[in-house]
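What follows is a set of notes on a single structure, which appears directly below.
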Amino acid sequence: LFLAVCAVGIGGTFQYGFNVSIINAPTQHIHKFLNETWTSRYHKELNPDLLTFLWSVIASIFSLGGLCGALMGGSMAIRLGRKGALLMNNIIAIIASMLMGLSYPTGLFELLIAGRVLIGINSGIGLCVQPLYIGEIAPKHLRGGLAMGTSIFLTGGILTGQIIGLRELLGGEEHWPVLLSSSCVPAFVQLLFLPWFPESPRYLLIDRGDELSCAKALKRFHGSSEYRREMEDIQRESSALDGEKPKKPWQLFTDRSVRWQLITVMVMTMGQQLSGINAIYFYATYVFEAAGISAEKIPYVTLGTGACECFTALSCGLLIDYVGRRYLIIGGYLLMTLWCTVLTLSLTYQDWYPWVPYVSMMSIFAFILSFGLGPGGITNTLIAELFVQSSRPAAYMIGGTLSWISFFTIGMLFPFIVNGLKQYCFLVFLLECSFVAAFIFLVIPETKNKSFLEIKKEFHKLNFGRNT
């Protein structure tokens with residue numbers, strides 16, 4: 001099971017985290033490349049406004065690709081299987097890496113844009129299909145910890161991208177094309193190792209009706225002595241579904257039996273993206289400078305933020321099956337609310353006392369730790385648990401689509417929010433975190449150690465009223 005999570009994660013959410021972080025290091029070098037290419041092609045200087053626009057397209061078109069990938073991921077998981085979809089997804093990553101690597105030697109910045117779109121599609125599919133596969137292969141008493149592999153590999157990808165993006169490694173001017181094309185390495189690793197692992201047992205039995213292959217897969221994952229209990233659970237779910245075909249995303253919106261599960265997915269995925277984590281990263285450089293850290297050393301301090309996220313993802317993975325999902329995610333949002341308050345005050349009174357910038361610095365790390373301990377890790381785990389087999393791929397498509405739209409929206413609106421509200425922008429995120437914590441407290445039951453059918457029964461009262 002552990003090795004399967006590793007094989008899935010390296011080409012799944014690792015790619016997302018890796019490609020989000022590596023684009024920051026070569027910003028100045030890509031600006032120079034765009035200027036030189038434009039001058040040699042059109043024999044005139046590139047207008048500064050057009051340069052800003054081209055760079056914005058290169059940076060943000062990744063999220064548009066991610067949105068397309070999220071819309072494709074569920075269908076691919078149904079048609080090709082969870083494992084088949086992940087293997088096919090690596091072909092997209094390899095093509096994207098080739099395009100980005102060839103952009104500089106060919107002098108075609110259009111290849112860079114095309115490559116970013118494709119690697120975005122790859123990340124969108126990975127974010128959708130990887131949690132599906134892990135959630136379906138895990139026994140219920142380990143489901144939370146194994147599902148945290150999604151978050152651990154995502155944060156590991158961010159940290160790896162930050163490390164190899166340092167100017168001493170691949171962040172220098174001569175190596176940036178290699179840096180951008182290095183996303184083919186995780187793709188090749190997954191293509192090498194994932195074929196050795198079975199397809200999702202739930203997919204094999206419920207979607208394909210292949211009981212023999214399901215039993216073989218369960219024996220591989222759970223051992224010959226333990227697999228029967230899980231087999232019985234899958235058979236019960238299969239009987240309850242009674243041959244129901246996988247649903248399309250739009251069918252979930254008209255299905256009363258999943259109404260509150262769907263509302264929960266929408267609130268959690270949007271809440272995760274709009275929680276202020278992007279604002280924290282934006283303000284990090286400013287806060288580090290105010291604390292007296294030189295501009296040359298800030299990239300190394302920023303590694304601390306990536307290490308923080310990685311540490312909390314690992315901690316959450318160890319705690320989730322003991323503490324439960326509700327306590328961790330509600331606690332995470334409440335702590336983020338607290339640190340938003342502290343950060344707003346410390347940024348307001350930054351110049352009053354010499355020790356205040358260090359409070360801001362501590363608040364940034366504390367906010368990131370709180371995010372990783374709750375919303376960052378548990379959101380994807382809960383989506384897998386709230387739905388039965390026929391609805392799960394469609395739920396991930398809806399959740400992924402909303403997540404990417406929120407990611408794109410906050411990227412577009414955030415500079416205006418910061419310019420208008422300055423440090424008081426954290427008051428907006430404070431309210432948002434408080435609302436999501438209250439919603440989860442009132443609506444979501446604890447899912448620890450429960451089968452998918454038991455969780456469905458918990459929501460039955462909400463969906464159909466207390467008397468049914």
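Residue names in the structure tokens use chain letters A, B, ... in the order shown, residue numbers from 1 in each chain, and ligand numbers from 1 in the order shown.
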Could you pull the residues within 9 Å of region 251-266 of chain A, counting only C-alpha atoms, minus those fewer than 2 positions along the same chain, as a count of residues only? 30
Would you pick out the contacts of Phe367 (chain A) at 8 Å or less, using only C-alpha atoms, so that residues sharing its chain but fewer than 4 positions from it are not included, and give the list as a list in words?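 The neighbour list is Ile277, Ile280, Leu335, Met336, Trp339, Cys340, Ser363 and Phe371 of chain A.
Shortest atom-to-atom contact with Lys422 (chain A) among A:Ser238, A:Asn47, A:Thr348, A:Ser390: A:Thr348, counting only C-alpha atoms.
Remark: for Ile206 (chain A), the closest of the candidate residues A:Ser315, A:Gln389, A:Ser21, A:Ser103 is A:Gln389 (distances computed over only C-alpha atoms).
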Distance CA of Cys425 (chain A)-CA of Ser346 (chain A), one decimal place?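 For CA of Cys425 (chain A) relative to CA of Ser346 (chain A), the distance reads 13.3 Å.
One finds CA of Leu369 (chain A) at 8.8 Å from CA of Thr305 (chain A).
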Take CA of Leu192 (chain A) and CA of Phe14 (chain A) and report the distance between them in Å, one decimal. 15.9 Å
Here is a test: counting only C-alpha atoms, which residue of A:Gly66, A:Tyr300, A:Glu385, A:His141 is nearest to Glu454 (chain A)? A:Glu385
Just checking: using only C-alpha atoms, which residue out of A:Gly161, A:Gly306, A:Pro26, A:Pro357 ends up closest to Trp176 (chain A)?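 Looking at the shortest contact to Trp176 (chain A), the residue is A:Pro26.
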Which is closest to Gly65 (chain A) among A:Phe311, A:Tyr322, A:Phe33, A:Phe408, if we use only C-alpha atoms?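 Checking each of A:Phe311, A:Tyr322, A:Phe33, A:Phe408 against Gly65 (chain A), counting only C-alpha atoms, the winner is A:Phe408.
Restricting the calculation to only C-alpha atoms, the smallest distance between Leu303 (chain A) and any of A:Leu166, A:Ala366, A:Leu343, A:Leu319 is found for A:Leu166.
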Got a sec: who's within 12 Å of Glu174 (chain A), counting only C-alpha atoms, leaving out chain neighbours fewer than 6 positions off, as a PDB file with N, CA, C and O atoms, in the first residue's frame?
```pdb
ATOM      1  N   PRO A  26      12.948  31.326 -12.426  1.00  0.00           N
ATOM      2  CA  PRO A  26      13.526  31.895 -13.658  1.00  0.00           C
ATOM      3  C   PRO A  26      12.791  33.126 -14.206  1.00  0.00           C
ATOM      4  O   PRO A  26      12.933  33.437 -15.386  1.00  0.00           O
ATOM      5  N   HIS A  29      14.988  35.612 -16.052  1.00  0.00           N
ATOM      6  CA  HIS A  29      15.615  34.996 -17.235  1.00  0.00           C
ATOM      7  C   HIS A  29      14.595  34.835 -18.370  1.00  0.00           C
ATOM      8  O   HIS A  29      14.933  35.016 -19.547  1.00  0.00           O
ATOM      9  N   ILE A  30      13.351  34.501 -18.014  1.00  0.00           N
ATOM     10  CA  ILE A  30      12.304  34.380 -19.039  1.00  0.00           C
ATOM     11  C   ILE A  30      11.973  35.763 -19.607  1.00  0.00           C
ATOM     12  O   ILE A  30      11.751  35.895 -20.818  1.00  0.00           O
ATOM     13  N   LYS A  32      14.078  38.181 -19.990  1.00  0.00           N
ATOM     14  CA  LYS A  32      15.184  38.460 -20.911  1.00  0.00           C
ATOM     15  C   LYS A  32      15.012  37.683 -22.217  1.00  0.00           C
ATOM     16  O   LYS A  32      15.220  38.229 -23.320  1.00  0.00           O
ATOM     17  N   PHE A  33      14.618  36.412 -22.115  1.00  0.00           N
ATOM     18  CA  PHE A  33      14.382  35.573 -23.289  1.00  0.00           C
ATOM     19  C   PHE A  33      13.276  36.159 -24.166  1.00  0.00           C
ATOM     20  O   PHE A  33      13.398  36.220 -25.396  1.00  0.00           O
ATOM     21  N   TYR A 104      13.607  27.712 -25.664  1.00  0.00           N
ATOM     22  CA  TYR A 104      14.784  28.600 -25.698  1.00  0.00           C
ATOM     23  C   TYR A 104      15.679  28.342 -26.920  1.00  0.00           C
ATOM     24  O   TYR A 104      15.988  29.277 -27.662  1.00  0.00           O
ATOM     25  N   PRO A 105      16.102  27.078 -27.192  1.00  0.00           N
ATOM     26  CA  PRO A 105      16.971  26.869 -28.363  1.00  0.00           C
ATOM     27  C   PRO A 105      16.312  27.208 -29.694  1.00  0.00           C
ATOM     28  O   PRO A 105      16.995  27.606 -30.645  1.00  0.00           O
ATOM     29  N   ARG A 167      19.559  29.430  -7.467  1.00  0.00           N
ATOM     30  CA  ARG A 167      20.485  29.807  -8.565  1.00  0.00           C
ATOM     31  C   ARG A 167      21.739  28.927  -8.624  1.00  0.00           C
ATOM     32  O   ARG A 167      22.353  28.787  -9.680  1.00  0.00           O
ATOM     33  N   GLU A 168      22.113  28.299  -7.471  1.00  0.00           N
ATOM     34  CA  GLU A 168      23.283  27.413  -7.481  1.00  0.00           C
ATOM     35  C   GLU A 168      22.985  26.099  -8.197  1.00  0.00           C
ATOM     36  O   GLU A 168      23.909  25.384  -8.589  1.00  0.00           O
TER      37      GLU A 168
END
```
I need the helix (DSSP H, G or I) residues of region 33-229 of chain A per DSSP on the backbone, written as JSON, numbers by chain. {"A": [33, 34, 35, 36, 37, 38, 39, 40, 41, 42, 48, 49, 50, 51, 52, 53, 54, 55, 56, 57, 58, 59, 60, 61, 62, 63, 64, 65, 66, 67, 68, 69, 70, 71, 72, 73, 74, 75, 76, 77, 78, 79, 82, 83, 84, 85, 86, 87, 88, 89, 90, 91, 92, 93, 94, 95, 96, 97, 98, 99, 100, 101, 102, 103, 104, 105, 106, 109, 110, 111, 112, 113, 114, 115, 116, 117, 118, 119, 120, 121, 122, 123, 124, 125, 126, 127, 128, 129, 130, 131, 132, 133, 134, 135, 136, 137, 143, 144, 145, 146, 147, 149, 150, 151, 152, 153, 154, 155, 156, 157, 158, 159, 160, 161, 162, 163, 164, 176, 177, 178, 179, 180, 181, 184, 185, 186, 187, 188, 189, 190, 191, 192, 193, 194, 195, 196, 201, 202, 203, 204, 205, 206, 207, 211, 212, 213, 214, 215, 216, 217, 218, 219, 220, 221, 222, 227, 228, 229]}
Can you pull out the residues contacting region 126-140 of chain A? Cut-off 8 Å, using only C-alpha atoms, and skip same-chain residues under 5 positions away; I want them as a ChimeraX atom specification. /A:1,5,8-9,11-13,15-16,70,73-74,77,82-83,85-86,89,146-147,150,200-203,218,221-222,230,380-381,384-385,392-393,396-397,400,448-451
